[in-house]
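Here is work-v8.cif, consisting of mmCIF, C-alpha atoms:
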data_target
loop_
_atom_site.label_atom_id
_atom_site.label_comp_id
_atom_site.auth_asym_id
_atom_site.auth_seq_id
_atom_site.Cartn_x
_atom_site.Cartn_y
_atom_site.Cartn_z
CA MET A 1 -57.74 -13.71 -6.98
CA GLU A 2 -54.76 -13.55 -4.66
CA GLY A 3 -52.37 -14.96 -7.23
CA SER A 4 -53.12 -12.19 -9.72
CA ARG A 5 -52.24 -9.33 -7.40
CA THR A 6 -49.66 -6.94 -8.78
CA PRO A 7 -46.61 -6.22 -6.65
CA LEU A 8 -46.47 -2.88 -4.90
CA LEU A 9 -44.16 -0.27 -6.38
CA PRO A 10 -42.15 2.03 -4.16
CA SER A 11 -44.36 4.95 -5.25
CA ASP A 12 -47.47 3.07 -4.13
CA LEU A 13 -46.18 2.66 -0.54
CA PRO A 14 -47.39 4.98 2.18
CA GLU A 15 -45.14 7.80 3.30
CA SER A 16 -44.50 6.25 6.71
CA THR A 17 -43.47 2.99 5.11
CA SER A 18 -40.96 4.66 2.83
CA SER A 19 -39.52 6.61 5.73
CA ASN A 20 -39.16 3.39 7.71
CA ASN A 21 -37.32 1.81 4.82
CA THR A 22 -35.03 4.81 4.62
CA GLY A 23 -34.31 4.54 8.33
CA SER A 24 -33.63 0.83 8.06
CA ALA A 25 -31.30 1.46 5.13
CA ASN A 26 -29.39 4.08 7.13
CA PHE A 27 -29.25 1.76 10.12
CA HIS A 28 -27.99 -1.02 7.87
CA ALA A 29 -25.26 1.22 6.48
CA HIS A 30 -24.20 2.39 9.95
CA GLY A 31 -24.39 -1.19 11.18
CA ILE A 32 -22.05 -2.35 8.44
CA ARG A 33 -19.55 0.39 9.28
CA GLY A 34 -19.83 -0.40 13.02
CA TRP A 35 -19.38 -4.11 12.37
CA SER A 36 -16.31 -3.44 10.25
CA GLY A 37 -14.92 -1.32 13.10
CA ILE A 38 -15.57 -4.14 15.56
CA GLN A 39 -13.89 -6.59 13.21
CA GLY A 40 -10.90 -4.27 13.05
CA LEU A 41 -10.74 -4.14 16.83
CA LYS A 42 -10.93 -7.92 16.98
CA LYS A 43 -8.11 -8.24 14.50
CA ARG A 44 -6.01 -5.80 16.44
CA GLY A 45 -6.84 -7.57 19.70
CA HIS A 46 -5.79 -10.95 18.31
CA GLY A 47 -2.75 -9.61 16.46
CA SER A 48 0.65 -11.15 16.91
CA ARG A 49 3.25 -9.63 19.20
CA SER A 50 6.95 -9.99 19.40
CA TRP A 51 8.11 -12.32 22.18
CA ILE A 52 11.51 -13.58 23.30
CA GLN A 53 11.81 -17.30 24.04
CA ILE A 54 14.56 -18.38 26.43
CA ASP A 55 15.19 -22.08 26.96
CA PRO A 56 16.90 -23.66 30.02
CA LEU A 57 20.27 -23.61 28.19
CA GLY A 58 20.18 -19.83 27.75
CA ASN A 59 19.41 -19.84 24.02
CA THR A 60 17.12 -17.05 22.85
CA SER A 61 14.90 -16.58 19.84
CA VAL A 62 12.49 -13.83 18.83
CA VAL A 63 9.10 -15.15 17.71
CA GLU A 64 5.76 -13.67 16.69
CA LEU A 65 2.91 -15.16 18.72
CA ASP A 66 -0.72 -14.25 19.09
CA LYS A 67 -2.84 -14.61 22.21
CA ALA A 68 -4.62 -17.73 21.06
CA THR A 69 -1.34 -19.57 20.46
CA ILE A 70 0.00 -18.60 23.87
CA MET A 71 -3.24 -19.58 25.56
CA ARG A 72 -3.13 -23.04 23.96
CA HIS A 73 0.58 -23.52 24.55
CA CYS A 74 0.60 -22.46 28.22
CA SER A 75 -3.01 -23.35 29.15
CA LEU A 76 -3.73 -19.81 30.31
CA PRO A 77 -7.03 -17.92 30.33
CA ALA A 78 -7.37 -14.64 28.46
CA ARG A 79 -7.56 -12.61 31.68
CA ASP A 80 -4.01 -13.66 32.56
CA LEU A 81 -2.68 -12.44 29.23
CA ARG A 82 -4.26 -9.05 29.82
CA LEU A 83 -1.80 -8.61 32.67
CA LEU A 84 1.03 -8.80 30.14
CA ASP A 85 -0.49 -6.37 27.65
CA PRO A 86 1.58 -3.15 27.58
CA LEU A 87 -1.53 -1.17 26.57
CA PHE A 88 -3.07 -1.81 30.00
CA ILE A 89 -1.73 -0.63 33.33
CA TYR A 90 -2.03 -3.32 35.98
CA PRO A 91 -0.30 -3.57 39.36
CA SER A 92 2.46 -6.08 39.93
CA THR A 93 1.13 -9.64 39.94
CA ILE A 94 2.55 -13.17 40.21
CA LEU A 95 0.12 -15.95 39.32
CA GLY A 96 0.79 -19.68 39.57
CA ARG A 97 -1.11 -21.77 37.04
CA GLU A 98 -1.13 -25.44 36.09
CA LYS A 99 1.58 -25.20 33.42
CA ALA A 100 2.97 -21.68 33.77
CA ILE A 101 3.78 -18.80 36.07
CA VAL A 102 2.49 -15.41 34.92
CA VAL A 103 4.84 -12.64 36.06
CA SER A 104 4.02 -8.96 35.74
CA LEU A 105 6.56 -7.01 37.80
CA GLU A 106 7.02 -3.42 36.70
CA GLN A 107 8.36 -3.58 33.12
CA ILE A 108 9.20 -7.31 33.28
CA ARG A 109 6.22 -9.17 31.88
CA CYS A 110 6.74 -12.81 31.02
CA ILE A 111 5.33 -16.31 31.15
CA ILE A 112 7.53 -18.91 32.83
CA THR A 113 7.03 -22.58 32.06
CA ALA A 114 9.05 -25.64 32.94
CA ASP A 115 10.85 -25.52 29.57
CA GLU A 116 11.09 -21.86 28.59
CA VAL A 117 10.52 -18.25 29.42
CA ILE A 118 8.29 -16.26 27.06
CA LEU A 119 9.29 -12.64 27.61
CA MET A 120 7.52 -9.59 26.20
CA ASN A 121 9.91 -8.08 23.67
CA SER A 122 10.64 -4.47 24.53
CA LEU A 123 13.44 -1.92 24.36
CA ASP A 124 13.06 -1.09 28.04
CA GLY A 125 16.25 -1.31 30.06
CA CYS A 126 14.78 -3.72 32.61
CA VAL A 127 13.64 -6.13 29.90
CA VAL A 128 17.01 -6.05 28.12
CA GLN A 129 18.82 -6.55 31.42
CA TYR A 130 16.54 -9.43 32.39
CA LYS A 131 17.13 -11.17 29.06
CA SER A 132 20.91 -10.80 29.12
CA GLU A 133 21.30 -11.65 32.80
CA LEU A 134 19.05 -14.72 32.58
CA CYS A 135 20.90 -16.06 29.55
CA LYS A 136 24.22 -15.43 31.27
CA ARG A 137 23.16 -17.27 34.43
CA LEU A 138 21.66 -20.20 32.54
CA GLN A 139 24.73 -20.62 30.34
CA SER A 140 27.10 -20.37 33.29
CA ASN A 141 25.13 -22.90 35.37
CA LYS A 142 24.26 -25.44 32.68
CA ASP A 143 27.29 -27.56 33.59
CA GLN A 144 26.76 -27.12 37.32
CA SER A 145 24.14 -28.64 39.54
CA ASP A 146 21.76 -26.00 40.84
CA ASP A 147 19.23 -26.66 43.57
CA LEU A 148 16.69 -24.28 42.08
CA PRO A 149 14.61 -25.49 39.14
CA PHE A 150 14.44 -23.49 35.94
CA GLU A 151 11.20 -21.65 36.76
CA PHE A 152 12.48 -20.50 40.14
CA ARG A 153 15.71 -19.15 38.66
CA ALA A 154 13.70 -17.12 36.16
CA LEU A 155 11.34 -15.91 38.90
CA GLU A 156 14.25 -15.07 41.20
CA LEU A 157 15.87 -12.86 38.57
CA ALA A 158 12.57 -11.04 37.94
CA LEU A 159 12.18 -10.37 41.66
CA GLU A 160 15.82 -9.33 41.98
CA LEU A 161 15.68 -6.82 39.14
CA THR A 162 12.33 -5.45 40.30
CA CYS A 163 13.46 -4.99 43.89
CA SER A 164 16.78 -3.43 42.85
CA SER A 165 15.01 -1.10 40.40
CA LEU A 166 12.53 0.08 43.00
CA ASP A 167 15.27 0.49 45.60
CA ALA A 168 17.36 2.56 43.16
CA GLN A 169 14.36 4.76 42.37
CA VAL A 170 13.68 5.31 46.07
CA LYS A 171 17.32 6.24 46.77
CA GLU A 172 17.40 8.61 43.82
CA LEU A 173 14.18 10.20 45.00
CA ALA A 174 15.57 10.52 48.54
CA MET A 175 18.69 12.29 47.26
CA GLU A 176 16.43 14.78 45.52
CA ILE A 177 13.84 15.22 48.27
CA TYR A 178 16.02 15.88 51.32
CA PRO A 179 17.79 19.01 49.97
CA VAL A 180 14.53 20.45 48.65
CA LEU A 181 12.81 19.93 52.00
CA ASP A 182 15.70 21.50 53.90
CA GLU A 183 15.64 24.49 51.55
CA LEU A 184 11.89 24.78 51.94
CA ALA A 185 12.20 24.77 55.73
CA LEU A 186 14.58 27.74 55.50
CA SER A 187 12.80 29.67 52.76
CA ILE A 188 9.10 29.22 52.09
CA ASN A 189 8.40 30.38 48.55
CA THR A 190 6.30 29.31 45.59
CA LEU A 191 9.18 27.66 43.71
CA ASN A 192 10.15 25.39 46.60
CA LEU A 193 6.53 24.51 47.29
CA GLU A 194 6.00 23.52 43.66
CA ARG A 195 9.11 21.31 43.68
CA VAL A 196 7.98 19.58 46.87
CA ARG A 197 4.51 19.03 45.43
CA ARG A 198 5.97 17.39 42.31
CA LEU A 199 8.32 15.18 44.32
CA LYS A 200 5.52 14.19 46.67
CA GLY A 201 3.47 13.02 43.68
CA HIS A 202 6.40 10.88 42.47
CA LEU A 203 6.87 9.49 45.97
CA LEU A 204 3.19 8.52 46.19
CA ALA A 205 3.40 6.64 42.88
CA VAL A 206 6.57 4.80 43.97
CA THR A 207 4.99 3.97 47.33
CA GLN A 208 2.01 2.32 45.65
CA ARG A 209 4.27 0.25 43.38
CA VAL A 210 6.50 -0.89 46.23
CA GLN A 211 3.49 -1.67 48.40
CA LYS A 212 1.91 -3.76 45.65
CA VAL A 213 5.07 -5.83 45.10
CA ARG A 214 5.38 -6.40 48.84
CA ASP A 215 1.73 -7.40 49.17
CA GLU A 216 2.03 -9.80 46.23
CA ILE A 217 5.06 -11.56 47.73
CA GLU A 218 3.38 -11.69 51.14
CA HIS A 219 0.23 -13.15 49.58
CA LEU A 220 2.26 -15.92 47.94
CA MET A 221 4.08 -16.68 51.19
CA ASP A 222 0.79 -16.96 53.08
CA ASP A 223 -0.77 -19.38 50.58
CA ASP A 224 0.84 -22.82 50.44
CA GLY A 225 -1.41 -23.88 47.59
CA ASP A 226 -0.22 -21.05 45.33
CA MET A 227 3.40 -21.88 46.10
CA ALA A 228 2.81 -25.56 45.38
CA GLU A 229 1.29 -24.66 42.01
CA MET A 230 4.54 -22.95 41.02
CA TYR A 231 6.62 -26.16 41.08
CA LEU A 232 6.29 -26.59 37.32
CA THR A 233 9.29 -28.87 36.74
CA GLU A 234 8.19 -31.25 39.46
CA LYS A 235 4.63 -31.32 38.14
CA LYS A 236 5.87 -31.99 34.63
CA GLN A 237 8.10 -34.86 35.76
CA ARG A 238 5.27 -36.27 37.81
CA SER A 239 2.79 -36.08 34.95
CA GLU A 240 5.25 -37.77 32.59
CA GLY A 241 5.97 -40.48 35.16
CA TYR A 242 2.31 -41.47 35.73
CA PRO A 243 0.93 -43.50 32.81
CA LEU A 244 -2.63 -44.62 32.83
CA SER A 245 -1.83 -48.19 33.95
CA ASP A 246 0.06 -46.99 37.03
CA LEU A 247 -3.00 -45.28 38.42
CA GLY A 248 -4.96 -48.52 38.57
CA PHE A 249 -7.59 -47.49 36.04
CA GLN A 250 -6.96 -50.31 33.56
CA THR A 251 -10.07 -51.81 32.04
CA ASP A 252 -10.61 -55.46 31.24
CA THR A 253 -12.77 -56.19 28.25
CA SER A 254 -13.31 -59.82 29.20
CA SER A 255 -14.56 -58.87 32.67
CA VAL A 256 -16.97 -56.42 31.10
CA GLU A 257 -18.20 -59.14 28.81
CA ARG A 258 -18.61 -61.46 31.78
CA VAL A 259 -20.61 -58.85 33.63
CA GLY A 260 -22.71 -58.31 30.56
CA SER A 261 -23.37 -62.07 30.18
CA LYS A 262 -24.94 -62.25 33.63
CA SER A 263 -27.56 -59.73 32.65
CA ALA A 264 -30.05 -59.86 29.81
CA PRO A 265 -28.80 -61.39 26.53
CA VAL A 266 -27.08 -58.87 24.29
CA SER A 267 -25.42 -59.16 20.91
CA PRO A 268 -21.59 -59.53 20.73
CA VAL A 269 -21.27 -56.31 18.78
CA GLY A 270 -23.19 -54.41 21.42
CA SER A 271 -21.02 -55.81 24.24
CA ILE A 272 -17.79 -54.89 22.47
CA SER A 273 -18.97 -51.34 21.77
CA GLY A 274 -20.10 -51.01 25.38
CA ALA A 275 -16.65 -52.06 26.58
CA HIS A 276 -15.02 -49.45 24.36
CA LYS A 277 -17.40 -46.81 25.65
CA LEU A 278 -16.61 -47.77 29.24
CA GLN A 279 -12.88 -47.66 28.51
CA ARG A 280 -13.19 -44.20 26.98
CA ALA A 281 -15.20 -43.07 30.00
CA PHE A 282 -12.48 -44.31 32.36
CA SER A 283 -9.83 -42.56 30.24
CA SER A 284 -11.71 -39.27 30.38
CA ILE A 285 -12.14 -39.61 34.14
CA VAL A 286 -8.41 -40.22 34.59
CA SER A 287 -7.40 -37.33 32.34
CA SER A 288 -9.77 -34.92 34.11
CA SER A 289 -8.79 -36.04 37.61
CA ARG A 290 -5.02 -36.13 37.01
CA PRO A 291 -4.41 -32.35 37.54
CA SER A 292 -6.40 -32.38 40.76
CA LEU A 293 -4.48 -35.39 41.99
CA MET A 294 -1.16 -33.77 41.22
CA SER A 295 -2.15 -30.41 42.72
CA SER A 296 -3.35 -32.10 45.90
CA SER A 297 -0.11 -34.04 46.15
CA ASN A 298 1.92 -30.91 45.46
CA SER A 299 0.16 -29.00 48.21
CA GLY A 300 1.56 -31.44 50.71
CA GLU A 301 5.09 -31.27 49.32
CA ASN A 302 7.92 -29.37 50.91
CA ILE A 303 7.63 -25.75 49.70
CA GLU A 304 10.44 -24.50 51.90
CA GLN A 305 12.67 -23.84 48.89
CA LEU A 306 10.30 -21.38 47.27
CA GLU A 307 9.30 -19.91 50.61
CA MET A 308 12.92 -19.08 51.46
CA LEU A 309 13.35 -17.51 48.03
CA LEU A 310 10.29 -15.32 48.47
CA GLU A 311 11.21 -14.46 52.03
CA ALA A 312 14.64 -13.17 50.96
CA TYR A 313 13.13 -10.71 48.51
CA PHE A 314 10.31 -9.89 50.90
CA VAL A 315 12.94 -8.59 53.33
CA VAL A 316 14.49 -6.49 50.54
CA ILE A 317 11.21 -4.97 49.39
CA ASP A 318 10.09 -4.43 52.99
CA HIS A 319 13.29 -2.45 53.63
CA THR A 320 12.58 -0.39 50.52
CA LEU A 321 9.05 0.25 51.75
CA SER A 322 10.36 1.39 55.13
CA GLU A 323 12.64 3.88 53.36
CA VAL A 324 9.68 5.17 51.36
CA LEU A 325 7.61 5.54 54.51
CA SER A 326 10.46 7.37 56.25
CA LEU A 327 10.62 9.77 53.29
CA LYS A 328 6.89 10.32 53.51
CA GLU A 329 7.16 10.89 57.26
CA TYR A 330 9.95 13.42 56.68
CA ILE A 331 7.74 15.27 54.19
CA ASP A 332 4.87 15.26 56.67
CA ASP A 333 7.17 16.62 59.40
CA THR A 334 8.37 19.36 57.06
CA GLU A 335 4.78 20.24 56.21
CA ASP A 336 3.95 20.47 59.91
CA LEU A 337 6.99 22.72 60.45
CA ILE A 338 5.90 24.94 57.57
CA ASN A 339 2.38 25.10 58.96
CA PHE A 340 3.81 26.12 62.35
CA LYS A 341 5.89 28.83 60.72
CA LEU A 342 2.98 30.10 58.68
CA GLY A 343 0.79 30.06 61.79
CA ASN A 344 3.44 32.03 63.66
CA VAL A 345 3.63 34.60 60.88
CA GLN A 346 -0.15 34.82 60.84
CA ASN A 347 -0.15 35.40 64.61
CA HIS A 348 2.38 38.21 64.24
CA LEU A 349 0.23 39.78 61.56
CA ILE A 350 -2.82 39.59 63.81
CA GLN A 351 -0.86 41.18 66.67
CA PHE A 352 0.34 43.98 64.44
CA GLU A 353 -3.19 44.50 63.15
CA LEU A 354 -4.44 44.69 66.74
CA LEU A 355 -1.84 47.30 67.67
CA LEU A 356 -2.63 49.26 64.54
CA THR A 357 -6.35 49.15 65.30
CA ALA A 358 -5.77 50.47 68.84
CA ALA A 359 -3.55 53.25 67.53
CA THR A 360 -6.15 54.15 64.92
CA PHE A 361 -8.84 54.32 67.59
CA VAL A 362 -6.75 56.67 69.75
CA ALA A 363 -5.84 58.84 66.76
CA THR A 364 -9.52 59.04 65.82
CA ILE A 365 -10.37 60.43 69.27
CA PHE A 366 -7.61 63.02 68.97
CA ALA A 367 -8.79 63.97 65.48
CA ALA A 368 -12.38 64.31 66.69
CA VAL A 369 -11.32 66.82 69.40
CA THR A 370 -9.29 68.87 66.96
CA ALA A 371 -12.18 68.76 64.49
CA VAL A 372 -14.54 70.21 67.11
CA PHE A 373 -12.23 73.11 67.81
CA GLY A 374 -11.69 73.65 64.10
CA MET A 375 -15.31 74.64 63.55
CA ASN A 376 -16.16 78.27 62.83
CA PHE A 377 -18.41 79.30 65.74
CA PRO A 378 -18.04 82.25 68.18
CA ASP A 379 -16.85 81.31 71.67
CA SER A 380 -14.90 83.06 74.43
CA ILE A 381 -12.32 80.29 74.50
CA PHE A 382 -10.90 81.50 71.24
CA ASP A 383 -10.10 84.93 72.80
CA ASN A 384 -7.09 83.40 74.57
CA PRO A 385 -4.54 81.98 72.01
CA SER A 386 -2.85 79.65 74.54
CA THR A 387 -6.06 77.82 75.31
CA PHE A 388 -5.93 75.78 72.09
CA SER A 389 -2.39 74.65 72.88
CA TRP A 390 -3.48 73.36 76.29
CA VAL A 391 -6.36 71.53 74.68
CA LEU A 392 -3.96 69.78 72.27
CA ILE A 393 -1.58 68.86 75.11
CA ILE A 394 -4.34 67.47 77.30
CA CYS A 395 -5.87 65.45 74.39
CA GLY A 396 -2.46 64.05 73.41
CA VAL A 397 -1.68 62.95 76.98
CA ALA A 398 -5.14 61.39 77.33
CA CYS A 399 -4.84 59.51 74.02
CA GLY A 400 -1.35 58.29 74.90
CA SER A 401 -2.56 57.07 78.29
CA LEU A 402 -5.45 55.29 76.59
CA TYR A 403 -3.10 53.56 74.14
CA PHE A 404 -0.78 52.37 76.92
CA SER A 405 -3.79 51.14 78.85
CA PHE A 406 -4.68 49.04 75.77
CA LEU A 407 -1.16 47.58 75.75
CA LEU A 408 -1.35 46.73 79.44
CA TYR A 409 -4.71 45.05 78.85
CA PHE A 410 -3.28 42.97 75.98
CA ARG A 411 -0.39 41.89 78.17
CA TYR A 412 -2.71 41.01 81.00
CA LYS A 413 -4.85 38.86 78.68
CA ARG A 414 -1.67 37.28 77.19
CA ILE A 415 -2.77 38.15 73.68
CA PHE A 416 0.86 38.70 72.74
CA PRO A 417 4.06 39.08 74.78
CA LEU A 418 5.38 42.59 75.22
#

I need this file expressed as C-alpha cells, please.
Amino acid sequence: MEGSRTPLLPSDLPESTSSNNTGSANFHAHGIRGWSGIQGLKKRGHGSRSWIQIDPLGNTSVVELDKATIMRHCSLPARDLRLLDPLFIYPSTILGREKAIVVSLEQIRCIITADEVILMNSLDGCVVQYKSELCKRLQSNKDQSDDLPFEFRALELALELTCSSLDAQVKELAMEIYPVLDELALSINTLNLERVRRLKGHLLAVTQRVQKVRDEIEHLMDDDGDMAEMYLTEKKQRSEGYPLSDLGFQTDTSSVERVGSKSAPVSPVGSISGAHKLQRAFSSIVSSSRPSLMSSSNSGENIEQLEMLLEAYFVVIDHTLSEVLSLKEYIDDTEDLINFKLGNVQNHLIQFELLLTAATFVATIFAAVTAVFGMNFPDSIFDNPSTFSWVLIICGVACGSLYFSFLLYFRYKRIFPL
C-alpha cells in the first residue's frame, strides 16, 4: 500500500541526487551570503547623511536625513538625488521641479525650496563659503524689501560662487601656463614637455567643467518652461490661495439626488454613497490637475527676472570660457612652433647626413684606388717611385671635383641652401 511506504534515507538516495542536494545546499549558503551583502548595500544606500538647513531668515541647523525623507519632503525622484551624492561624479546640473530646485554646481550641491535650502554638509571651502555668505545675505536683507524671491537668491549665490571659483582656477592656471610655454619655446627638453603635458591635462578638465556650466545656463535660458518651474515662492502662494471651491469644482448632493431620482428607483443609502463617491472623484481630479494648471499658468508668466539673472552669469561664464579657449589656442600655437623647430632640426640632420653620404662615397672611390695599388703584384709602374705620388694626386683632385659637383647639384635642386 502507498501509505505504508517507508521514507527514503539519505543513504538510499542515488549518487546524482545526493550531489544535487549538496549543490543546492552550497547555492543556498552562497545565496544567503549574497543576499546579506545586498541588504548591506541597501542599508548603506538608504543611510542618513548630514545636511545643513537654511531658512529664509538665515538660521542654520545641521540635520541627519535619508533619501526617502528628502524625496517625500521635496517631491523629488531618486535620480535627482543621485546628482547630489558625493560618491558619484556628475557634471554641473540645475533642475527645476514642482517643489524644489536641484542644484549641483561643482562642490555646491543643494536642494532649494520656497522655505529652505538643504545643503550637503561638507568641509569643502566652497560649501562653507556658500553657507556663511547665504546666511549673511539673508540676515542683512530680512528687514529690507528684495525683488528676488528666496529661491533665486540662493541660486544666485550658487552661480556666483561657481563662476568665481572657475574664473579663479582659470587665472591661476594661466599664470602657470604662460611662463612654462615661453620656456618651452626657448628650450625644448623633456622636463618642459612633461610640465606642459600635465598643465594641458588640467586645462582640458577645467574646460569641460566651464563648458558644462555654460551649457546648463544656456539650456535654462532657452527653455521658458524650465524657468517658469523655478518660481517656487509664486507657485506656493498660488497653491495656497486656490481652495477647492474657488476652482468651481463644488459638488451638490441634492442635485445628484435629483439626477438619480429621474433614473431608475434606487435606495436612499445607495444615492448618498454614490454622491460621496462622485465628490471624492471630483476631489481627486482637482488635486491631480492642480499642478498642471499652475505650471501652465506659470509658463505664461513674466520670467524676465530669472532670465536677467541667468544672463548676467552667462556673460561671466562665457568670458571664462573664452579665456580657457585662448589658453588652449596658445598651447596649440606653441605646439605648432615646437613642431616647426623640430622639423627644422630634422631637416638640418638630413642635410648633414646627405653631405656625409656624398663625402663617404668620394672617400670610398679614393680608398678603392689606393687599395688597387696596394696589392702585391709585379708591374713596371712600380719601377718609378714618383708614379704612385702622381696617382694619389690625380685621384684626390678627381674625388674633390666629384664632391663639389655633388654640392652644385644639391644647390641646383634646392635640396638645401649653400

Counting only C-alpha atoms, figure out which residue out of A:Val213, A:Leu81, A:Ser140, A:Val369 gets nearest to Ile94 of chain A.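 Smallest separation from Ile94 of chain A among the options: A:Val213.
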
Quick one: 3 Å padding each side, axis-aligned, all listed atoms of segment 84-93 of chain A - centre and edge lengths in Å to one decimal, as JSON?
{"center_x": -0.3, "center_y": -5.1, "center_z": 33.3, "size_x": 11.5, "size_y": 15.0, "size_z": 19.4}

For the structure provided, state which residues fall under the PyMOL selection byres ((chain A and resi 387-394) around 12), and present them as number ranges by chain. A: 365-374, 379-386, 395-401

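Once the PyMOL selection byres ((chain A and resi 78) around 12) is applied to this file, the selection holds Gly45, His46, Asp66, Lys67, Ala68, Thr69, Ile70, Met71, Arg72, Cys74, Ser75, Leu76, Pro77, Arg79, Asp80, Leu81, Arg82, Leu83, Leu84, Asp85 and Val102 of chain A.
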
The PyMOL selection byres ((chain A and resi 210) around 10) - which residues does that actually catch in the file I just gave you? List them as JSON, numbers by chain. {"A": [92, 106, 162, 163, 166, 167, 170, 204, 205, 206, 207, 208, 209, 211, 212, 213, 214, 215, 216, 317, 318, 320, 321, 322, 324]}
